[in-house]
Number of protein chains: 2
Amino acid sequence: MKGHQTTIIDIANALNLSKSTVSRALTGHPNVKTKTREQVLALAAQMDYQRNQLAISLLTSQTKTIGIMVPEFLSFFFPKVIIGAQEVLAKAGYNVVICHSNESYETEMANARGLLASRVDGLLVSHTKETRNFDHFRIFERKGIPVVFFNRICEDMAVSKVTVDDYQGAFRAVEHLIETGKRWIAHLAGPDSLQNSRNRLNGYLDALKKHDLAVDSSLIISYDLTLDKANIYVNHLLNLPQPPDALFAINDPTAIEALKVIKARGLRMPDDIAVVGFSDDPISALVEPGLTTVAQPVTEIGEQAARLLLSQLQNDDDRFEPETVVLPTYLIIRGSSRPS
Amino acid sequence: MKGHQTTIIDIANALNLSKSTVSRALTGHPNVKTKTREQVLALAAQMDYQRNQLAISLLTSQTKTIGIMVPEFLSFFFPKVIIGAQEVLAKAGYNVVICHSNESYETEMANARGLLASRVDGLLVSHTKETRNFDHFRIFERKGIPVVFFNRICEDMAVSKVTVDDYQGAFRAVEHLIETGKRWIAHLAGPDSLQNSRNRLNGYLDALKKHDLAVDSSLIISYDLTLDKANIYVNHLLNLPQPPDALFAINDPTAIEALKVIKARGLRMPDDIAVVGFSDDPISALVEPGLTTVAQPVTEIGEQAARLLLSQLQNDDDRFEPETVVLPTYLIIRGSSRPS
DNA sequence: CAATTTTTTGGGAATGTTCCCAAAATTTAG
DNA sequence: CTAAATTTTGGGAACATTCCCAAAAAATTG
């Protein structure tokens with residue numbers, strides 16, 4: 001008994017039927033005598049029969065499984081995206097396999113190989129900050145397995161993509177700081193490898209330009225998103241001969257780290273220095289002062305990515321045109337920048 | 001070309017070899033001429049060959065995949081457990097499929113069916129708060145697929161389990177409140193369906209008893225962990241003729257909701273009312289005042305659960321003895337209860 | 001150089017399922 | 001009651017792989 005799972009052949013033998021008939025009864029095929037179907041169903045339930053998806057997938061060469069690759073899932077962002085995607089995919093009868101690469105390029109490649117071997121039907125990807133070579137994703141493209149990028153996207157691949165308007169969000173955030181009278185605005189930027197880092201940086205730069213403010217390169221620091229580094233850089237900025245009167249951070253964890261440093265130094269927010277983050281992490285509403293931040297429709301990113309993938313999965317007969325969806329962001333103003 | 005993945009037969013035909021030889025070359029079997037192996041490997045790389053795990057799993061009847069079922073993964077807790085488990089399992093050559101049931105019993109059952117159909121080799125489970133019937137997990141047991149419960153465990157099943165010492169943690173937390181002079185301590189408890197809720201409640205009760213404090217049932221409220229309810233109940237407690245001077249909450253999100261209500265009412269912490277949570281959510285260190293909380297070794301829960309599963313997976317020849325691991329908790333005292 | 005040993009290769013079964021086509025059983029019509 | 005039509009069932013191929021056993025090729029020995 002050990003290790004042996006009930007198969008349709010076990011049921012067929014027990015009832016003196018052929019596996020074909022049992023298969024038909026189980027899958028709800030119409031051409032089965034009612035009595036036969038009932039017998040099969042009853043025995044299947046009794047024997048804990050559970051269809052073997054491996055065999056079916058092997059035969060039909062589709063697994064009805066989508067791989068989702070994310071760089072991490074300790075912050076609220078990626079789990080929430082996944083939930084959005086999963087809901088849409090589940091409705092279409094797809095399962096989901098989640099891989100997190102822990103921001104490691106090596107792990108990401110290994111995961112991609114694994115998903116390829118387990119024959120996922122499609123892929124939703126947000127790559128690591130280390131990823132500069134995308135060959136492990138191009139294999140999917142070559143094999144005709146649809147790939148959709150979200151949040152962190154690869155510009156060079158002709159596949160569907162979902163992002164938020166990072167440029168506009170950053171622009172609006174910095175303009176808000178300028179409107180509240182800030183003139184010497186620092187930017188803790190993300191790594192250059194991420195397209196959304198670059199877009200946010202450009203939004204920052206253009207907002208300064210629009211308002212005829214000088215861009216000072218000593219106020220712009222790109223870093224790798226590890227929080228202990230954020231701490232160092234914020235301290236560095238505050239130690240400058242002319243410290244900034246505002247800080248726009250690449251994301252909320254970074255901004256909150258800045259809040260800690262600023263509070264520890266006894267500076268007042270926003271009077272001495274205002275802070276704005278990006279992503280509206282739930283924590284941001286709870287810290288004191290509340291963190292002004294650029295919010296994005298997180299669940300919708302997942303939903304949209306899933307929809308783009310599904311549409312590609314369904315219309316595979318003719319040539320597919322990749323699509324890019326850019327979702328809007330909106331500024332949430334809280335105590336860290338609201339003029340008193 | 002479309003939809004067709006390269007197989008060993010494609011390679012075999014191209015090189016005028018049999019599929020057996022190609023298979024051997026690819027799997028590193030020793031009995032292959034070096035030159036043949038090189039040819040096969042070169043062509044495989046060139047043709048983007050990727051072994052079909054479905055076929056292998058079907059043949060060997062093991063998928064080298066472990067299912068992890070969690071009720072949610074928006075809070076930091078479950079992702080962190082998953083990361084711990086995944087690390088241990090990956091080292092042993094296992095992949096992981098994550099299912100979240102969104103606290104829905106129906107979804108949990110559907111997920112269990114899915115994992116059964118896709119033939120996972122084992123299961124790590126933390127069930128939903130709705131789950132009272134565990135038949136969908138017993139099927140795995142009956143089929144000889146090892147199951148390990150963690151965090152939220154089913155007492156009635158003779159399988160391995162990993163928990164923290166909820167009783168001791170709660171006891172210590174409440175004793176701490178008593179030591180700081182609190183005498184009228186409320187408890188916002190979790191649903192009765194969760195074993196850890198019951199254990200924490202017992203720890204609370206026994207701490208009161210040990211210090212000869214009266215247990216007042218109006219100060220104990222069980223609820224379903226939805227935060228808007230928490231808000232209502234905290235307000236209710238504060239409106240009592242004799243409001244509590246301390247609150248022990250089932251978890252940190254609940255405690256933080258309480259903090260909000262208390263601050264909105266202009267009460268001082270911990271003088272007017274002290275608050276203690278459970279689980280040491282990262283947010284708890286950031287709110288003001290900092291939240292006193294019972295911390296637990298989160299990643300280790302996942303690691304231990306994975307190890308228990310692996311040991312069961314490896315020694316399947318003889319009878320297996322289920323094991324229960326109880327990990328220690330420790331109290332972190334912050335501003336919400338530290339006497340001024 | 002034949003005989004023996006060793007290395008390398010090929011053929012076929014097995015895994016669990018679906019689906020097509022043919023065969024058998026049942027129902028309907030004349 | 002037979003013939004035709006319909007319903008129900010069975011047999012076998014196919015999916016991609018591994019592994020066992022036998023066959024072929026190469027290497028070694030006397």
# chains A, B, ... in the order shown; residues from 1 in each chain; ligands from 1
$ residues_around --residues "range 22-27 of chain C" --least-positions-apart "2" --cutoff "9 Å" --atoms "only C-alpha atoms (C1' of nucleotides)" --output "PyMOL selection string"
chain D and resi 5-11
$ write_last_selection --atoms "N, CA and C atoms (P, O5', C5', C4', C3', O3' and C1' of nucleotides)" --output "CSV table (one decimal), in the first residue's frame"
chain,number,residue,atom,x,y,z
D,5,DA,P,-29.7,3.7,-40.0
D,5,DA,O5',-29.8,4.2,-38.5
D,5,DA,C5',-31.0,4.6,-38.0
D,5,DA,C4',-30.9,4.8,-36.5
D,5,DA,C3',-29.7,5.8,-36.1
D,5,DA,O3',-30.2,6.8,-35.2
D,5,DA,C1',-29.6,3.7,-34.8
D,6,DT,P,-29.3,8.0,-34.8
D,6,DT,O5',-29.0,7.5,-33.3
D,6,DT,C5',-30.0,7.2,-32.4
D,6,DT,C4',-29.5,6.6,-31.1
D,6,DT,C3',-28.3,7.3,-30.5
D,6,DT,O3',-28.7,7.8,-29.2
D,6,DT,C1',-27.8,5.0,-30.6
D,7,DT,P,-27.8,8.7,-28.3
D,7,DT,O5',-27.3,7.7,-27.2
D,7,DT,C5',-28.2,6.8,-26.6
D,7,DT,C4',-27.5,5.7,-25.9
D,7,DT,C3',-26.4,6.2,-24.9
D,7,DT,O3',-26.6,5.5,-23.7
D,7,DT,C1',-25.5,4.5,-26.4
D,8,DT,P,-25.8,6.0,-22.4
D,8,DT,O5',-24.6,4.9,-22.4
D,8,DT,C5',-24.9,3.6,-22.1
D,8,DT,C4',-23.7,2.7,-22.4
D,8,DT,C3',-22.4,3.1,-21.6
D,8,DT,O3',-22.2,2.0,-20.7
D,8,DT,C1',-21.9,2.6,-23.8
D,9,DT,P,-21.0,2.0,-19.7
D,9,DT,O5',-19.9,1.3,-20.6
D,9,DT,C5',-20.0,-0.1,-20.8
D,9,DT,C4',-18.9,-0.5,-21.7
D,9,DT,C3',-17.5,-0.4,-21.1
D,9,DT,O3',-17.0,-1.7,-20.9
D,9,DT,C1',-17.5,0.3,-23.4
D,10,DG,P,-15.6,-1.9,-20.2
D,10,DG,O5',-14.6,-2.1,-21.4
D,10,DG,C5',-14.9,-3.1,-22.4
D,10,DG,C4',-13.9,-3.2,-23.5
D,10,DG,C3',-12.4,-3.2,-23.0
D,10,DG,O3',-11.7,-4.1,-23.7
D,10,DG,C1',-12.7,-1.4,-24.5
D,11,DG,P,-10.2,-4.5,-23.3
D,11,DG,O5',-9.4,-3.8,-24.5
D,11,DG,C5',-9.8,-4.1,-25.9
D,11,DG,C4',-8.9,-3.4,-26.8
D,11,DG,C3',-7.4,-3.4,-26.4
D,11,DG,O3',-6.6,-3.6,-27.6
D,11,DG,C1',-8.1,-1.2,-26.7
$ residues_around --residues "DC19 in chain D" --least-positions-apart "4" --cutoff "10 Å" --atoms "only C-alpha atoms (C1' of nucleotides)" --output "list of chain:residue names"
B:Ser20, C:DA13, C:DA14
$ write_last_selection --atoms "C-alpha atoms (C1' of nucleotides)" --output "PDB file, in the first residue's frame"
ATOM      1  CA  SER B  20      18.756   5.916 -23.697  1.00  0.00           C
TER       2      SER B  20
ATOM      3  C1'  DA C  13       8.645  -1.496 -20.309  1.00  0.00           C
ATOM      4  C1'  DA C  14       6.693   1.482 -17.020  1.00  0.00           C
TER       5       DA C  14
END
$ select_by_dssp --residues "range 48-246 of chain B" --states "strand (DSSP E)" --output "MDAnalysis selection string"
chainID B and resid 65:70 95:100 122:125 147:150 160:164 185:189 220:222 246
$ write_last_selection --atoms "N, CA and C atoms" --output "tab-separated table (two decimals), in the first residue's frame"
chain	number	residue	atom	x	y	z
B	65	THR	N	8.87	18.24	-4.45
B	65	THR	CA	8.18	19.49	-4.19
B	65	THR	C	7.42	19.39	-2.88
B	66	ILE	N	7.52	20.44	-2.07
B	66	ILE	CA	6.81	20.51	-0.81
B	66	ILE	C	5.78	21.61	-0.89
B	67	GLY	N	4.57	21.33	-0.46
B	67	GLY	CA	3.54	22.37	-0.40
B	67	GLY	C	3.57	23.07	0.95
B	68	ILE	N	3.48	24.39	0.93
B	68	ILE	CA	3.37	25.14	2.18
B	68	ILE	C	2.04	25.87	2.16
B	69	MET	N	1.20	25.61	3.15
B	69	MET	CA	-0.11	26.24	3.20
B	69	MET	C	-0.18	27.20	4.37
B	70	VAL	N	-0.46	28.46	4.07
B	70	VAL	CA	-0.58	29.46	5.12
B	70	VAL	C	-1.91	30.19	4.96
B	95	ASN	N	11.77	21.66	-3.94
B	95	ASN	CA	11.14	22.91	-4.32
B	95	ASN	C	9.95	23.16	-3.42
B	96	VAL	N	9.41	24.34	-3.51
B	96	VAL	CA	8.34	24.73	-2.62
B	96	VAL	C	7.20	25.35	-3.41
B	97	VAL	N	6.00	24.95	-3.10
B	97	VAL	CA	4.81	25.60	-3.66
B	97	VAL	C	4.05	26.23	-2.51
B	98	ILE	N	3.79	27.52	-2.62
B	98	ILE	CA	3.14	28.24	-1.53
B	98	ILE	C	1.67	28.46	-1.86
B	99	CYS	N	0.80	28.07	-0.94
B	99	CYS	CA	-0.63	28.34	-1.11
B	99	CYS	C	-1.10	29.19	0.04
B	100	HIS	N	-1.82	30.26	-0.25
B	100	HIS	CA	-2.41	31.00	0.87
B	100	HIS	C	-3.92	30.96	0.71
B	122	GLY	N	5.34	16.35	0.34
B	122	GLY	CA	5.08	16.63	1.75
B	122	GLY	C	4.39	17.96	1.91
B	123	LEU	N	3.98	18.26	3.15
B	123	LEU	CA	3.12	19.42	3.38
B	123	LEU	C	3.51	20.11	4.69
B	124	LEU	N	3.66	21.43	4.62
B	124	LEU	CA	3.80	22.24	5.83
B	124	LEU	C	2.54	23.09	5.94
B	125	VAL	N	1.86	23.04	7.09
B	125	VAL	CA	0.54	23.66	7.18
B	125	VAL	C	0.38	24.55	8.40
B	147	VAL	N	2.89	15.27	6.73
B	147	VAL	CA	2.34	16.60	7.01
B	147	VAL	C	2.97	17.11	8.31
B	148	VAL	N	3.40	18.35	8.31
B	148	VAL	CA	3.87	18.97	9.55
B	148	VAL	C	3.09	20.26	9.75
B	149	PHE	N	2.50	20.41	10.94
B	149	PHE	CA	1.80	21.64	11.28
B	149	PHE	C	2.75	22.61	11.96
B	150	PHE	N	2.56	23.88	11.71
B	150	PHE	CA	3.33	24.88	12.44
B	150	PHE	C	2.43	26.06	12.79
B	160	SER	N	3.82	15.53	13.08
B	160	SER	CA	4.79	16.42	13.71
B	160	SER	C	4.28	17.86	13.73
B	161	LYS	N	4.73	18.59	14.73
B	161	LYS	CA	4.23	19.96	14.91
B	161	LYS	C	5.33	20.88	15.42
B	162	VAL	N	5.24	22.13	15.02
B	162	VAL	CA	6.17	23.14	15.55
B	162	VAL	C	5.35	24.33	16.05
B	163	THR	N	5.52	24.67	17.30
B	163	THR	CA	4.88	25.87	17.83
B	163	THR	C	5.87	26.63	18.69
B	164	VAL	N	5.42	27.78	19.15
B	164	VAL	CA	6.18	28.45	20.19
B	164	VAL	C	5.42	28.25	21.50
B	185	ILE	N	-6.35	43.91	34.23
B	185	ILE	CA	-5.75	43.67	32.92
B	185	ILE	C	-6.74	43.00	31.98
B	186	ALA	N	-6.98	43.65	30.86
B	186	ALA	CA	-7.90	43.09	29.87
B	186	ALA	C	-7.14	42.21	28.89
B	187	HIS	N	-7.85	41.31	28.22
B	187	HIS	CA	-7.24	40.47	27.20
B	187	HIS	C	-8.11	40.45	25.96
B	188	LEU	N	-7.56	40.96	24.86
B	188	LEU	CA	-8.23	40.82	23.57
B	188	LEU	C	-7.73	39.51	22.97
B	189	ALA	N	-8.54	38.49	23.07
B	189	ALA	CA	-8.11	37.14	22.69
B	189	ALA	C	-8.46	36.83	21.24
B	220	ILE	N	-12.31	40.00	29.14
B	220	ILE	CA	-11.78	39.05	28.17
B	220	ILE	C	-12.70	39.01	26.95
B	221	ILE	N	-12.17	39.41	25.82
B	221	ILE	CA	-12.98	39.41	24.60
B	221	ILE	C	-12.27	38.59	23.53
B	222	SER	N	-12.96	37.56	23.05
B	222	SER	CA	-12.43	36.79	21.93
B	222	SER	C	-12.94	37.39	20.64
B	246	ALA	N	-4.52	47.92	31.88
B	246	ALA	CA	-3.56	47.28	30.98
B	246	ALA	C	-4.31	46.40	30.00
$ interface_residues --of "chain D" --to "chain B" --cutoff "10 Å" --atoms "only C-alpha atoms (C1' of nucleotides)" --output "JSON, numbers by chain"
{"D": [15, 16, 17, 18, 19]}
$ write_last_selection --atoms "C-alpha atoms (C1' of nucleotides)" --output "short mmCIF file (atom, residue, chain, number, x, y, z; two decimals), in the first residue's frame"
data_model
loop_
_atom_site.label_atom_id
_atom_site.label_comp_id
_atom_site.auth_asym_id
_atom_site.auth_seq_id
_atom_site.Cartn_x
_atom_site.Cartn_y
_atom_site.Cartn_z
"C1'" DC D 15 3.19 12.33 -23.60
"C1'" DA D 16 9.02 12.43 -21.83
"C1'" DT D 17 11.68 10.17 -19.08
"C1'" DT D 18 14.48 6.38 -16.56
"C1'" DC D 19 16.18 1.92 -15.92
#
$ interface_residues --of "chain C" --to "chain B" --cutoff "10 Å" --atoms "only C-alpha atoms (C1' of nucleotides)" --output "PDB file with C-alpha atoms (C1' of nucleotides), in the first residue's frame"
ATOM      1  C1'  DT C   7      32.792  -0.292 -22.281  1.00  0.00           C
ATOM      2  C1'  DT C   8      29.184   1.712 -24.826  1.00  0.00           C
ATOM      3  C1'  DT C   9      24.759   1.646 -27.020  1.00  0.00           C
ATOM      4  C1'  DG C  10      19.874   0.320 -28.195  1.00  0.00           C
ATOM      5  C1'  DG C  11      15.207  -1.580 -27.280  1.00  0.00           C
ATOM      6  C1'  DA C  14       6.693   1.482 -17.020  1.00  0.00           C
ATOM      7  C1'  DT C  15       4.619   5.801 -14.984  1.00  0.00           C
ATOM      8  C1'  DG C  16      -1.215   7.698 -15.138  1.00  0.00           C
TER       9       DG C  16
END
$ interface_residues --of "chain B" --to "chain A" --cutoff "8 Å" --atoms "only C-alpha atoms" --output "PyMOL selection string"
chain B and resi 2-5+48+50-55+57-58+73-76+79-80+97-98+113+116-119+139+143-144+283+286-288
$ write_last_selection --atoms "C-alpha atoms" --output "PDB file, in the first residue's frame"
ATOM      1  CA  LYS B   2       5.228  26.304 -31.626  1.00  0.00           C
ATOM      2  CA  GLY B   3       4.363  24.600 -28.386  1.00  0.00           C
ATOM      3  CA  HIS B   4       6.901  21.871 -28.907  1.00  0.00           C
ATOM      4  CA  GLN B   5       9.661  21.654 -26.350  1.00  0.00           C
ATOM      5  CA  ASP B  48      17.589  25.053 -25.219  1.00  0.00           C
ATOM      6  CA  GLN B  50      15.356  21.526 -20.496  1.00  0.00           C
ATOM      7  CA  ARG B  51      14.442  18.229 -18.908  1.00  0.00           C
ATOM      8  CA  ASN B  52      10.721  17.629 -18.408  1.00  0.00           C
ATOM      9  CA  GLN B  53      10.235  17.284 -14.689  1.00  0.00           C
ATOM     10  CA  LEU B  54       6.666  16.105 -15.229  1.00  0.00           C
ATOM     11  CA  ALA B  55       7.768  12.939 -16.977  1.00  0.00           C
ATOM     12  CA  SER B  57       8.084  12.817 -11.491  1.00  0.00           C
ATOM     13  CA  LEU B  58       5.490  10.598 -13.085  1.00  0.00           C
ATOM     14  CA  PHE B  73       0.973  36.323   3.921  1.00  0.00           C
ATOM     15  CA  LEU B  74       0.515  40.041   4.243  1.00  0.00           C
ATOM     16  CA  SER B  75       1.916  40.238   7.742  1.00  0.00           C
ATOM     17  CA  PHE B  76       5.639  39.643   8.162  1.00  0.00           C
ATOM     18  CA  PRO B  79       6.706  35.049   4.697  1.00  0.00           C
ATOM     19  CA  LYS B  80       9.492  34.807   7.219  1.00  0.00           C
ATOM     20  CA  VAL B  97       4.809  25.595  -3.660  1.00  0.00           C
ATOM     21  CA  ILE B  98       3.140  28.243  -1.532  1.00  0.00           C
ATOM     22  CA  ARG B 113      -6.907  19.074  -3.399  1.00  0.00           C
ATOM     23  CA  LEU B 116      -2.682  16.328  -3.792  1.00  0.00           C
ATOM     24  CA  ALA B 117      -3.299  16.291  -7.530  1.00  0.00           C
ATOM     25  CA  SER B 118       0.092  17.780  -8.251  1.00  0.00           C
ATOM     26  CA  ARG B 119       1.623  15.102  -6.047  1.00  0.00           C
ATOM     27  CA  ILE B 139      -6.106  12.358   3.255  1.00  0.00           C
ATOM     28  CA  LYS B 143      -1.737   8.318   1.532  1.00  0.00           C
ATOM     29  CA  GLY B 144       1.539   8.349   3.411  1.00  0.00           C
ATOM     30  CA  ILE B 283       6.124  47.776  13.019  1.00  0.00           C
ATOM     31  CA  LEU B 286       8.529  51.910  15.006  1.00  0.00           C
ATOM     32  CA  VAL B 287       5.230  52.996  16.525  1.00  0.00           C
ATOM     33  CA  GLU B 288       5.159  55.479  19.406  1.00  0.00           C
TER      34      GLU B 288
END
$ residues_around --residues "range 321-325 of chain A" --least-positions-apart "2" --cutoff "12 Å" --atoms "only C-alpha atoms (C1' of nucleotides)" --output "compact mmCIF listing (two decimals) with N, CA and C atoms, in the first residue's frame"
# COMPACT_ATOMS: atom_id res chain seq x y z
N GLU A 141 10.76 33.09 -23.69
CA GLU A 141 10.28 33.75 -24.89
C GLU A 141 10.50 32.85 -26.11
N PRO A 146 4.73 32.61 -22.46
CA PRO A 146 4.58 34.05 -22.25
C PRO A 146 5.18 34.53 -20.93
N VAL A 147 5.82 35.68 -20.99
CA VAL A 147 6.42 36.31 -19.82
C VAL A 147 5.85 37.72 -19.70
N VAL A 148 5.48 38.11 -18.48
CA VAL A 148 5.07 39.49 -18.24
C VAL A 148 5.91 40.04 -17.10
N PHE A 149 6.53 41.18 -17.32
CA PHE A 149 7.29 41.84 -16.26
C PHE A 149 6.39 42.81 -15.50
N PHE A 150 6.64 42.94 -14.21
CA PHE A 150 5.92 43.97 -13.46
C PHE A 150 6.88 44.61 -12.46
N ASN A 151 6.58 45.86 -12.14
CA ASN A 151 7.34 46.62 -11.16
C ASN A 151 8.80 46.83 -11.56
N ILE A 153 11.11 46.05 -14.49
CA ILE A 153 10.94 45.51 -15.83
C ILE A 153 12.23 45.58 -16.63
N CYS A 154 12.30 44.72 -17.62
CA CYS A 154 13.44 44.70 -18.52
C CYS A 154 13.05 45.41 -19.80
N GLU A 155 13.72 46.52 -20.06
CA GLU A 155 13.33 47.32 -21.21
C GLU A 155 13.62 46.63 -22.54
N MET A 157 13.36 43.58 -23.53
CA MET A 157 12.61 42.42 -24.01
C MET A 157 11.24 42.86 -24.51
N ALA A 158 10.85 42.30 -25.65
CA ALA A 158 9.58 42.67 -26.27
C ALA A 158 8.46 41.84 -25.69
N VAL A 159 8.19 42.05 -24.40
CA VAL A 159 7.10 41.32 -23.75
C VAL A 159 6.20 42.33 -23.05
N SER A 160 5.05 41.86 -22.56
CA SER A 160 4.15 42.77 -21.87
C SER A 160 4.72 43.17 -20.52
N LYS A 161 4.33 44.35 -20.07
CA LYS A 161 4.90 44.91 -18.84
C LYS A 161 3.85 45.71 -18.08
N VAL A 162 3.97 45.70 -16.78
CA VAL A 162 3.10 46.53 -15.94
C VAL A 162 3.97 47.32 -14.97
N THR A 163 3.83 48.63 -15.02
CA THR A 163 4.54 49.46 -14.04
C THR A 163 3.60 50.52 -13.52
N VAL A 164 4.11 51.29 -12.58
CA VAL A 164 3.39 52.51 -12.22
C VAL A 164 4.18 53.66 -12.81
N ASP A 165 3.54 54.83 -12.81
CA ASP A 165 4.20 55.99 -13.39
C ASP A 165 5.20 56.54 -12.38
N GLU A 300 -3.62 46.04 -7.96
CA GLU A 300 -3.96 46.19 -9.38
C GLU A 300 -2.77 45.84 -10.28
N ILE A 301 -1.57 46.11 -9.80
CA ILE A 301 -0.39 45.72 -10.59
C ILE A 301 -0.44 44.22 -10.87
N GLY A 302 -0.71 43.46 -9.82
CA GLY A 302 -0.79 42.02 -9.97
C GLY A 302 -1.93 41.60 -10.88
N GLU A 303 -3.08 42.24 -10.69
CA GLU A 303 -4.24 41.89 -11.50
C GLU A 303 -3.97 42.15 -12.97
N GLN A 304 -3.43 43.33 -13.25
CA GLN A 304 -3.16 43.70 -14.64
C GLN A 304 -2.14 42.76 -15.27
N ALA A 305 -1.09 42.47 -14.53
CA ALA A 305 -0.06 41.58 -15.06
C ALA A 305 -0.68 40.23 -15.39
N ALA A 306 -1.52 39.74 -14.48
CA ALA A 306 -2.17 38.44 -14.70
C ALA A 306 -3.05 38.50 -15.94
N ARG A 307 -3.76 39.62 -16.10
CA ARG A 307 -4.66 39.73 -17.25
C ARG A 307 -3.87 39.76 -18.56
N LEU A 308 -2.78 40.48 -18.57
CA LEU A 308 -1.96 40.52 -19.78
C LEU A 308 -1.45 39.13 -20.11
N LEU A 309 -1.06 38.40 -19.08
CA LEU A 309 -0.56 37.05 -19.31
C LEU A 309 -1.66 36.15 -19.87
N SER A 311 -4.35 36.95 -21.50
CA SER A 311 -4.77 37.28 -22.87
C SER A 311 -3.76 36.69 -23.85
N GLN A 312 -2.49 36.69 -23.46
CA GLN A 312 -1.48 36.12 -24.33
C GLN A 312 -1.60 34.59 -24.37
N ASN A 315 -4.89 33.88 -26.70
CA ASN A 315 -4.79 34.06 -28.14
C ASN A 315 -3.40 33.68 -28.67
N ASP A 316 -3.08 32.41 -28.61
CA ASP A 316 -1.76 31.99 -29.08
C ASP A 316 -1.78 31.56 -30.55
N ASP A 318 -2.55 33.47 -33.33
CA ASP A 318 -1.86 34.42 -34.21
C ASP A 318 -0.81 35.21 -33.44
N ARG A 319 -0.12 36.01 -34.14
CA ARG A 319 0.98 36.81 -33.59
C ARG A 319 0.48 37.68 -32.44
N LEU A 327 0.34 52.25 -14.58
CA LEU A 327 -0.73 52.62 -13.64
C LEU A 327 -0.38 53.93 -12.95
N PRO A 328 -1.39 54.69 -12.56
CA PRO A 328 -1.13 56.00 -11.96
C PRO A 328 -0.68 55.87 -10.50
$ residues_around --residues "Lys210 in chain B" --least-positions-apart "3" --cutoff "12 Å" --atoms "only C-alpha atoms (C1' of nucleotides)" --output "PyMOL selection string"
chain B and resi 171-172+174-175+178+202-207+213-215
$ select_by_dssp --residues "range 75-220 of chain B" --states "helix (DSSP H, G or I)" --output "MDAnalysis selection string"
chainID B and resid 77:91 105:117 135:142 166:179 195:210 217:219
$ closest_residue --among "D:DC1, D:DC20, D:DA13, D:DA27" --to "DT4 in chain C" --atoms "only C-alpha atoms (C1' of nucleotides)"
D:DA27
$ atom_distance --atom1 "CA of Gln195 in chain B" --atom2 "CA of Pro71 in chain B"
14.6 Å
$ residues_around --residues "Lys35 in chain A" --least-positions-apart "6" --cutoff "12 Å" --atoms "only C-alpha atoms (C1' of nucleotides)" --output "ChimeraX atom specification"
/A:15,25,41-42 /D:8
